[in-house]
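Novice: my_file24.pdb is reproduced below (PDB, C-alpha atoms, pLDDT in the B column).
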ATOM      1  CA  MET A  27      -0.706  23.192  17.821  1.00 51.00           C
ATOM      2  CA  SER A  28       0.586  23.234  14.257  1.00 75.00           C
ATOM      3  CA  GLU A  29      -1.242  21.920  11.198  1.00 91.00           C
ATOM      4  CA  THR A  30      -1.695  18.148  11.087  1.00 93.00           C
ATOM      5  CA  PRO A  31       0.960  16.615   8.812  1.00 96.00           C
ATOM      6  CA  SER A  32       0.125  14.156   6.063  1.00 97.00           C
ATOM      7  CA  ILE A  33       0.705  10.503   6.855  1.00 98.00           C
ATOM      8  CA  HIS A  34       3.360  10.589   4.112  1.00 98.00           C
ATOM      9  CA  ASP A  35       5.298  13.298   5.912  1.00 98.00           C
ATOM     10  CA  TRP A  36       4.736  11.873   9.405  1.00 97.00           C
ATOM     11  CA  ILE A  37       6.243   8.473   8.525  1.00 98.00           C
ATOM     12  CA  GLY A  38       9.288   9.879   6.706  1.00 98.00           C
ATOM     13  CA  GLY A  39       8.180  10.577   3.147  1.00 98.00           C
ATOM     14  CA  THR A  40       8.617   8.634  -0.051  1.00 98.00           C
ATOM     15  CA  GLU A  41      12.095   7.414   0.919  1.00 98.00           C
ATOM     16  CA  ALA A  42      10.742   5.742   4.083  1.00 98.00           C
ATOM     17  CA  ILE A  43       7.829   4.240   2.152  1.00 98.00           C
ATOM     18  CA  GLY A  44      10.316   2.824  -0.363  1.00 98.00           C
ATOM     19  CA  ARG A  45      12.444   1.229   2.378  1.00 98.00           C
ATOM     20  CA  TRP A  46       9.297  -0.255   3.919  1.00 98.00           C
ATOM     21  CA  LEU A  47       7.971  -1.681   0.660  1.00 98.00           C
ATOM     22  CA  ASN A  48      11.366  -3.053  -0.374  1.00 98.00           C
ATOM     23  CA  SER A  49      11.560  -4.912   2.940  1.00 98.00           C
ATOM     24  CA  PHE A  50       7.996  -6.110   2.416  1.00 98.00           C
ATOM     25  CA  TYR A  51       8.653  -7.347  -1.124  1.00 98.00           C
ATOM     26  CA  ASP A  52      11.845  -9.085   0.001  1.00 98.00           C
ATOM     27  CA  ALA A  53       9.635 -11.033   2.443  1.00 98.00           C
ATOM     28  CA  VAL A  54       7.048 -11.660  -0.302  1.00 98.00           C
ATOM     29  CA  GLU A  55       9.735 -13.254  -2.498  1.00 98.00           C
ATOM     30  CA  ARG A  56      10.499 -15.718   0.345  1.00 98.00           C
ATOM     31  CA  ASP A  57       6.833 -16.456   1.070  1.00 98.00           C
ATOM     32  CA  GLU A  58       5.410 -19.583  -0.543  1.00 97.00           C
ATOM     33  CA  LEU A  59       1.840 -18.233  -0.503  1.00 97.00           C
ATOM     34  CA  LEU A  60       2.587 -14.813  -2.056  1.00 97.00           C
ATOM     35  CA  ALA A  61       5.688 -15.347  -4.190  1.00 97.00           C
ATOM     36  CA  PRO A  62       3.713 -17.119  -6.954  1.00 95.00           C
ATOM     37  CA  VAL A  63       1.469 -14.044  -7.365  1.00 93.00           C
ATOM     38  CA  PHE A  64       4.593 -12.183  -8.504  1.00 92.00           C
ATOM     39  CA  GLY A  65       6.213 -15.009 -10.419  1.00 93.00           C
ATOM     40  CA  GLY A  66       8.676 -15.475  -7.567  1.00 94.00           C
ATOM     41  CA  VAL A  67      10.404 -12.120  -8.108  1.00 96.00           C
ATOM     42  CA  VAL A  68       9.118  -8.618  -7.440  1.00 97.00           C
ATOM     43  CA  THR A  69      10.789  -6.377 -10.010  1.00 97.00           C
ATOM     44  CA  ARG A  70      12.411  -3.049  -9.241  1.00 97.00           C
ATOM     45  CA  GLU A  71       9.829  -1.408 -11.507  1.00 97.00           C
ATOM     46  CA  HIS A  72       6.947  -2.937  -9.523  1.00 97.00           C
ATOM     47  CA  ARG A  73       8.513  -1.826  -6.242  1.00 98.00           C
ATOM     48  CA  GLU A  74       8.955   1.731  -7.540  1.00 98.00           C
ATOM     49  CA  HIS A  75       5.401   1.896  -8.860  1.00 97.00           C
ATOM     50  CA  VAL A  76       3.879   0.647  -5.614  1.00 98.00           C
ATOM     51  CA  THR A  77       6.050   3.090  -3.658  1.00 98.00           C
ATOM     52  CA  ALA A  78       4.662   5.910  -5.807  1.00 98.00           C
ATOM     53  CA  TRP A  79       1.105   4.618  -5.208  1.00 98.00           C
ATOM     54  CA  TRP A  80       1.481   4.442  -1.421  1.00 98.00           C
ATOM     55  CA  ALA A  81       3.244   7.823  -1.305  1.00 98.00           C
ATOM     56  CA  GLU A  82       0.370   9.446  -3.197  1.00 98.00           C
ATOM     57  CA  VAL A  83      -2.314   7.697  -1.156  1.00 98.00           C
ATOM     58  CA  MET A  84      -0.643   8.807   2.075  1.00 98.00           C
ATOM     59  CA  GLY A  85      -0.632  12.460   1.038  1.00 98.00           C
ATOM     60  CA  GLY A  86       2.627  12.722  -0.873  1.00 98.00           C
ATOM     61  CA  PRO A  87       3.262  13.733  -4.478  1.00 98.00           C
ATOM     62  CA  ALA A  88       0.746  12.646  -7.128  1.00 97.00           C
ATOM     63  CA  THR A  89       3.401  10.802  -9.159  1.00 97.00           C
ATOM     64  CA  TYR A  90       1.322   7.672  -9.634  1.00 97.00           C
ATOM     65  CA  THR A  91      -1.535   9.664 -11.126  1.00 96.00           C
ATOM     66  CA  GLU A  92       0.583  12.056 -13.189  1.00 97.00           C
ATOM     67  CA  VAL A  93       3.180   9.593 -14.521  1.00 97.00           C
ATOM     68  CA  LEU A  94       1.905   6.043 -14.166  1.00 96.00           C
ATOM     69  CA  GLY A  95      -1.768   6.215 -15.085  1.00 94.00           C
ATOM     70  CA  GLY A  96      -3.558   6.551 -11.768  1.00 94.00           C
ATOM     71  CA  TYR A  97      -6.393   4.335 -10.585  1.00 94.00           C
ATOM     72  CA  GLU A  98      -6.987   2.765 -13.991  1.00 94.00           C
ATOM     73  CA  HIS A  99      -3.389   1.524 -14.156  1.00 94.00           C
ATOM     74  CA  MET A 100      -3.570   0.031 -10.659  1.00 91.00           C
ATOM     75  CA  LEU A 101      -6.893  -1.631 -11.442  1.00 91.00           C
ATOM     76  CA  ALA A 102      -5.473  -3.175 -14.605  1.00 91.00           C
ATOM     77  CA  LYS A 103      -2.593  -4.685 -12.627  1.00 91.00           C
ATOM     78  CA  HIS A 104      -5.014  -6.539 -10.317  1.00 91.00           C
ATOM     79  CA  ARG A 105      -7.583  -7.789 -12.828  1.00 91.00           C
ATOM     80  CA  GLY A 106      -7.685 -11.542 -13.103  1.00 90.00           C
ATOM     81  CA  LEU A 107      -5.187 -12.245 -10.304  1.00 93.00           C
ATOM     82  CA  GLU A 108      -7.901 -13.955  -8.245  1.00 95.00           C
ATOM     83  CA  ILE A 109      -6.292 -13.006  -4.938  1.00 96.00           C
ATOM     84  CA  THR A 110      -7.505 -15.299  -2.166  1.00 97.00           C
ATOM     85  CA  PRO A 111      -8.521 -14.225   1.337  1.00 97.00           C
ATOM     86  CA  GLU A 112      -5.496 -16.142   2.667  1.00 98.00           C
ATOM     87  CA  GLN A 113      -3.147 -14.252   0.349  1.00 98.00           C
ATOM     88  CA  ARG A 114      -4.752 -10.964   1.363  1.00 98.00           C
ATOM     89  CA  LEU A 115      -4.221 -11.652   5.052  1.00 98.00           C
ATOM     90  CA  ARG A 116      -0.608 -12.701   4.503  1.00 98.00           C
ATOM     91  CA  PHE A 117      -0.060  -9.530   2.435  1.00 98.00           C
ATOM     92  CA  VAL A 118      -1.313  -7.305   5.255  1.00 98.00           C
ATOM     93  CA  THR A 119       0.619  -9.267   7.880  1.00 98.00           C
ATOM     94  CA  LEU A 120       3.896  -8.953   5.962  1.00 98.00           C
ATOM     95  CA  LEU A 121       3.281  -5.216   5.468  1.00 98.00           C
ATOM     96  CA  SER A 122       2.917  -4.805   9.223  1.00 98.00           C
ATOM     97  CA  GLU A 123       6.023  -6.859   9.955  1.00 98.00           C
ATOM     98  CA  ALA A 124       8.044  -4.896   7.386  1.00 98.00           C
ATOM     99  CA  ALA A 125       7.000  -1.611   9.004  1.00 98.00           C
ATOM    100  CA  ASP A 126       8.566  -2.877  12.239  1.00 98.00           C
ATOM    101  CA  THR A 127      11.646  -4.194  10.431  1.00 98.00           C
ATOM    102  CA  VAL A 128      12.504  -0.836   8.844  1.00 98.00           C
ATOM    103  CA  GLY A 129      11.510   1.221  11.869  1.00 98.00           C
ATOM    104  CA  LEU A 130       8.554   3.199  10.562  1.00 98.00           C
ATOM    105  CA  PRO A 131       7.014   5.301  13.325  1.00 97.00           C
ATOM    106  CA  ASP A 132       5.160   2.947  15.624  1.00 94.00           C
ATOM    107  CA  ASP A 133       2.804   5.399  17.266  1.00 95.00           C
ATOM    108  CA  PRO A 134      -0.747   4.016  17.286  1.00 94.00           C
ATOM    109  CA  GLU A 135      -2.082   6.755  15.027  1.00 94.00           C
ATOM    110  CA  ALA A 136       0.438   6.195  12.221  1.00 96.00           C
ATOM    111  CA  ARG A 137       0.163   2.422  12.335  1.00 96.00           C
ATOM    112  CA  SER A 138      -3.625   2.596  12.472  1.00 95.00           C
ATOM    113  CA  ALA A 139      -3.648   4.777   9.361  1.00 96.00           C
ATOM    114  CA  LEU A 140      -1.196   2.573   7.445  1.00 97.00           C
ATOM    115  CA  MET A 141      -2.802  -0.699   8.367  1.00 97.00           C
ATOM    116  CA  GLY A 142      -6.287   0.724   7.931  1.00 96.00           C
ATOM    117  CA  TYR A 143      -5.423   1.496   4.326  1.00 97.00           C
ATOM    118  CA  ALA A 144      -3.725  -1.895   3.902  1.00 98.00           C
ATOM    119  CA  GLU A 145      -6.898  -3.620   5.101  1.00 96.00           C
ATOM    120  CA  TRP A 146      -9.199  -1.470   2.966  1.00 94.00           C
ATOM    121  CA  GLY A 147      -7.059  -1.632  -0.171  1.00 95.00           C
ATOM    122  CA  SER A 148      -6.302  -5.335   0.069  1.00 97.00           C
ATOM    123  CA  ARG A 149      -9.979  -6.167   0.467  1.00 95.00           C
ATOM    124  CA  LEU A 150     -10.731  -4.127  -2.660  1.00 93.00           C
ATOM    125  CA  ALA A 151      -7.906  -5.954  -4.441  1.00 95.00           C
ATOM    126  CA  VAL A 152      -9.542  -9.303  -3.626  1.00 96.00           C
ATOM    127  CA  GLU A 153     -12.854  -8.051  -5.024  1.00 94.00           C
ATOM    128  CA  ASN A 154     -11.325  -6.390  -8.090  1.00 93.00           C
ATOM    129  CA  SER A 155      -9.139  -9.386  -8.923  1.00 94.00           C
ATOM    130  CA  ALA A 156     -11.980 -11.925  -8.949  1.00 94.00           C
ATOM    131  CA  ALA A 157     -12.801 -13.504 -12.289  1.00 93.00           C
ATOM    132  CA  ASP A 158     -16.381 -12.195 -12.135  1.00 94.00           C
ATOM    133  CA  SER A 159     -15.552  -8.707 -10.828  1.00 92.00           C
ATOM    134  CA  SER A 160     -17.018  -5.534 -12.242  1.00 90.00           C
ATOM    135  CA  PRO A 161     -15.136  -2.751 -10.447  1.00 89.00           C
ATOM    136  CA  ALA A 162     -15.562   0.949 -11.086  1.00 87.00           C
ATOM    137  CA  GLU A 163     -13.643   1.641 -14.292  1.00 87.00           C
ATOM    138  CA  HIS A 164     -12.628   5.193 -13.359  1.00 90.00           C
ATOM    139  CA  ALA A 165     -11.890   6.634  -9.942  1.00 91.00           C
ATOM    140  CA  PRO A 166      -9.307   8.901  -8.342  1.00 91.00           C
ATOM    141  CA  VAL A 167      -6.363   7.499  -6.427  1.00 93.00           C
ATOM    142  CA  PRO A 168      -7.587   7.529  -2.821  1.00 93.00           C
ATOM    143  CA  ARG A 169      -6.109  10.051  -0.394  1.00 94.00           C
ATOM    144  CA  TRP A 170      -5.944   8.384   2.999  1.00 95.00           C
ATOM    145  CA  GLY A 171      -6.325  10.395   6.168  1.00 93.00           C
ATOM    146  CA  TRP A 172      -5.792   9.996   9.866  1.00 93.00           C
ATOM    147  CA  GLY A 173      -9.338   8.857  10.541  1.00 86.00           C
ATOM    148  CA  GLU A 174     -10.509   9.337  14.085  1.00 70.00           C
ATOM    149  CA  ALA A 175      -7.084   9.474  15.687  1.00 63.00           C
ATOM    150  CA  PRO A 176      -4.757  12.125  14.286  1.00 72.00           C
ATOM    151  CA  PRO A 177      -1.164  11.924  15.468  1.00 77.00           C
ATOM    152  CA  TYR A 178      -0.441  13.148  18.979  1.00 72.00           C
ATOM    153  CA  GLN A 179       1.487  16.398  18.859  1.00 75.00           C
ATOM    154  CA  PRO A 180       2.495  17.947  22.179  1.00 70.00           C
TER     155      PRO A 180
END
Will you turn the file into structure tokens for me?

Specialist:
Amino acid sequence: MSETPSIHDWIGGTEAIGRWLNSFYDAVERDELLAPVFGGVVTREHREHVTAWWAEVMGGPATYTEVLGGYEHMLAKHRGLEITPEQRLRFVTLLSEAADTVGLPDDPEARSALMGYAEWGSRLAVENSAADSSPAEHAPVPRWGWGEAPPYQP
């Protein structure tokens, strides 16, 4: 058996993550619960930045850290948004639906890893966006792994 690939590589790399997140943000713009969080329009810049974040988290290039400011930049973008539990759940649901729409690999291991991070990260976003939050000021961008179920490789 060869070395276990990164999630980034397994799902198709940064290009596939970009297609996925563009589909997701197209759905967000049509969603009455989430669209207001983004002022009704999710900019190209925002889409590119979040693509870089997810690519890095999933084991791809460290572009978000090296070019965009890393964890501190992401934290700053969420402060004061006061994301609700309902918005968080819709966010995760639309991410899952968009993965199907663009045809990301649907093996249980890949989807578990992606949605595991979506759950973890979105719950942190709710906490960090609260008016009374006091999140860690400095941390590395997380590097997500396969968890308990690495991808099946014959």

Novice: Which distance in Å separates CA of Trp170 in chain A and CA of Asp133 in chain A, to one decimal?

Specialist: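 Separating CA of Trp170 in chain A from CA of Asp133 in chain A is a distance of 17.0 Å.
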
Novice: Return the single residue from A:Trp46, A:Tyr51, A:Tyr97, A:Trp79 that is closest to Ala165 in chain A, with distances computed using only C-alpha atoms.

Specialist: A:Tyr97

Novice: I'd like to know which of A:Ala151, A:Leu47, A:Leu115, A:Ala81 is closest to Ser32 in chain A, using all atoms listed in the file.

Specialist: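 Under the stated criterion, the closest residue is A:Ala81.
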
Novice: What does the distance between CA of Arg70 in chain A and CA of Gly85 in chain A come to in Å, to one decimal place?

Specialist: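 Calculated distance between CA of Arg70 in chain A and CA of Gly85 in chain A is 22.7 Å.
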
Novice: Taking 4 positions as the minimum chain separation for residues in the same chain, which residues sit within 12 Å of Gly142 in chain A when counting all atoms listed in the file? Answer as a list of chain:residue names.

Specialist: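 Answer for this query is A:Met84, A:Val118, A:Leu121, A:Ser122, A:Pro134, A:Glu135, A:Ala136, A:Arg137, A:Ser138, A:Trp146, A:Gly147, A:Ser148, A:Arg149, A:Trp170, A:Gly171, A:Trp172, A:Gly173, A:Glu174, A:Ala175.
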
Novice: My list of candidates is A:Asp132, A:Asp57, A:Arg45, A:Arg105. Which is closest to Ala156 in chain A when distances are computed with all atoms listed in the file?

Specialist: A:Arg105

Novice: I'd like the interatomic distance between CA of His34 in chain A and CA of Ala102 in chain A, to a tenth of an Å.

Specialist: 24.9 Å

Novice: Given the choices A:Val68, A:Val128, A:Leu101, A:Leu120, which gets closest to Ile37 in chain A if the distance is worked out from only C-alpha atoms?

Specialist: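 Smallest distance to Ile37 in chain A is found for A:Val128.
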
Novice: Pick from A:Gly95, A:Ala61, A:Ala124, A:Val83: nearest to Asn48 in chain A, with all atoms listed in the file counted?

Specialist: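 Result for the nearest residue to Asn48 in chain A: A:Ala124.
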
Novice: Got a sec to write range 41-110 of chain A of the block to a file, C-alpha atoms, as an mmCIF file, in the first residue's frame?

Specialist:
data_model
loop_
_atom_site.group_PDB
_atom_site.id
_atom_site.type_symbol
_atom_site.label_atom_id
_atom_site.label_comp_id
_atom_site.auth_asym_id
_atom_site.auth_seq_id
_atom_site.Cartn_x
_atom_site.Cartn_y
_atom_site.Cartn_z
ATOM 1 C CA GLU A 41 -9.060 23.441 -8.181
ATOM 2 C CA ALA A 42 -11.692 20.974 -6.907
ATOM 3 C CA ILE A 43 -11.966 22.834 -3.601
ATOM 4 C CA GLY A 44 -12.531 26.063 -5.542
ATOM 5 C CA ARG A 45 -15.311 24.511 -7.651
ATOM 6 C CA TRP A 46 -16.926 23.164 -4.480
ATOM 7 C CA LEU A 47 -16.779 26.461 -2.603
ATOM 8 C CA ASN A 48 -17.994 28.469 -5.598
ATOM 9 C CA SER A 49 -21.028 26.185 -5.826
ATOM 10 C CA PHE A 50 -21.513 26.543 -2.078
ATOM 11 C CA TYR A 51 -21.302 30.344 -2.148
ATOM 12 C CA ASP A 52 -23.689 30.490 -5.109
ATOM 13 C CA ALA A 53 -26.188 28.648 -2.873
ATOM 14 C CA VAL A 54 -25.378 30.971 0.054
ATOM 15 C CA GLU A 55 -26.254 34.008 -2.089
ATOM 16 C CA ARG A 56 -29.716 32.474 -2.726
ATOM 17 C CA ASP A 57 -30.267 31.504 0.915
ATOM 18 C CA GLU A 58 -32.313 33.930 2.997
ATOM 19 C CA LEU A 59 -30.702 32.808 6.270
ATOM 20 C CA LEU A 60 -27.053 33.047 5.133
ATOM 21 C CA ALA A 61 -27.035 35.693 2.403
ATOM 22 C CA PRO A 62 -27.327 38.566 4.920
ATOM 23 C CA VAL A 63 -24.115 37.414 6.655
ATOM 24 C CA PHE A 64 -22.314 38.250 3.402
ATOM 25 C CA GLY A 65 -24.305 41.326 2.481
ATOM 26 C CA GLY A 66 -26.139 39.299 -0.155
ATOM 27 C CA VAL A 67 -23.062 38.799 -2.348
ATOM 28 C CA VAL A 68 -19.996 36.656 -1.737
ATOM 29 C CA THR A 69 -17.118 38.418 -3.478
ATOM 30 C CA ARG A 70 -14.575 36.716 -5.701
ATOM 31 C CA GLU A 71 -11.891 37.744 -3.204
ATOM 32 C CA HIS A 72 -13.752 36.053 -0.331
ATOM 33 C CA ARG A 73 -14.222 32.894 -2.393
ATOM 34 C CA GLU A 74 -10.516 32.799 -3.280
ATOM 35 C CA HIS A 75 -9.444 33.368 0.316
ATOM 36 C CA VAL A 76 -11.704 30.639 1.677
ATOM 37 C CA THR A 77 -10.501 28.279 -1.060
ATOM 38 C CA ALA A 78 -6.922 28.946 0.058
ATOM 39 C CA TRP A 79 -7.942 28.318 3.698
ATOM 40 C CA TRP A 80 -9.652 24.993 2.963
ATOM 41 C CA ALA A 81 -6.816 23.890 0.663
ATOM 42 C CA GLU A 82 -4.264 24.537 3.410
ATOM 43 C CA VAL A 83 -6.371 22.908 6.119
ATOM 44 C CA MET A 84 -6.833 19.812 3.960
ATOM 45 C CA GLY A 85 -3.095 19.374 3.452
ATOM 46 C CA GLY A 86 -2.458 21.541 0.412
ATOM 47 C CA PRO A 87 -0.173 24.545 -0.002
ATOM 48 C CA ALA A 88 0.172 26.967 2.921
ATOM 49 C CA THR A 89 -0.993 29.944 0.834
ATOM 50 C CA TYR A 90 -3.423 31.229 3.440
ATOM 51 C CA THR A 91 -0.696 31.375 6.068
ATOM 52 C CA GLU A 92 2.067 32.689 3.809
ATOM 53 C CA VAL A 93 0.066 35.253 1.809
ATOM 54 C CA LEU A 94 -3.165 36.070 3.610
ATOM 55 C CA GLY A 95 -2.233 36.252 7.279
ATOM 56 C CA GLY A 96 -3.049 32.813 8.634
ATOM 57 C CA TYR A 97 -5.222 32.120 11.658
ATOM 58 C CA GLU A 98 -5.230 35.723 12.855
ATOM 59 C CA HIS A 99 -6.694 36.922 9.549
ATOM 60 C CA MET A 100 -9.426 34.272 9.610
ATOM 61 C CA LEU A 101 -10.257 35.082 13.225
ATOM 62 C CA ALA A 102 -10.561 38.777 12.417
ATOM 63 C CA LYS A 103 -13.044 38.010 9.637
ATOM 64 C CA HIS A 104 -15.383 36.218 12.078
ATOM 65 C CA ARG A 105 -15.235 38.567 15.066
ATOM 66 C CA GLY A 106 -18.531 40.224 15.815
ATOM 67 C CA LEU A 107 -20.564 38.340 13.191
ATOM 68 C CA GLU A 108 -22.639 36.677 15.921
ATOM 69 C CA ILE A 109 -23.271 33.561 13.841
ATOM 70 C CA THR A 110 -26.327 31.709 15.122
#
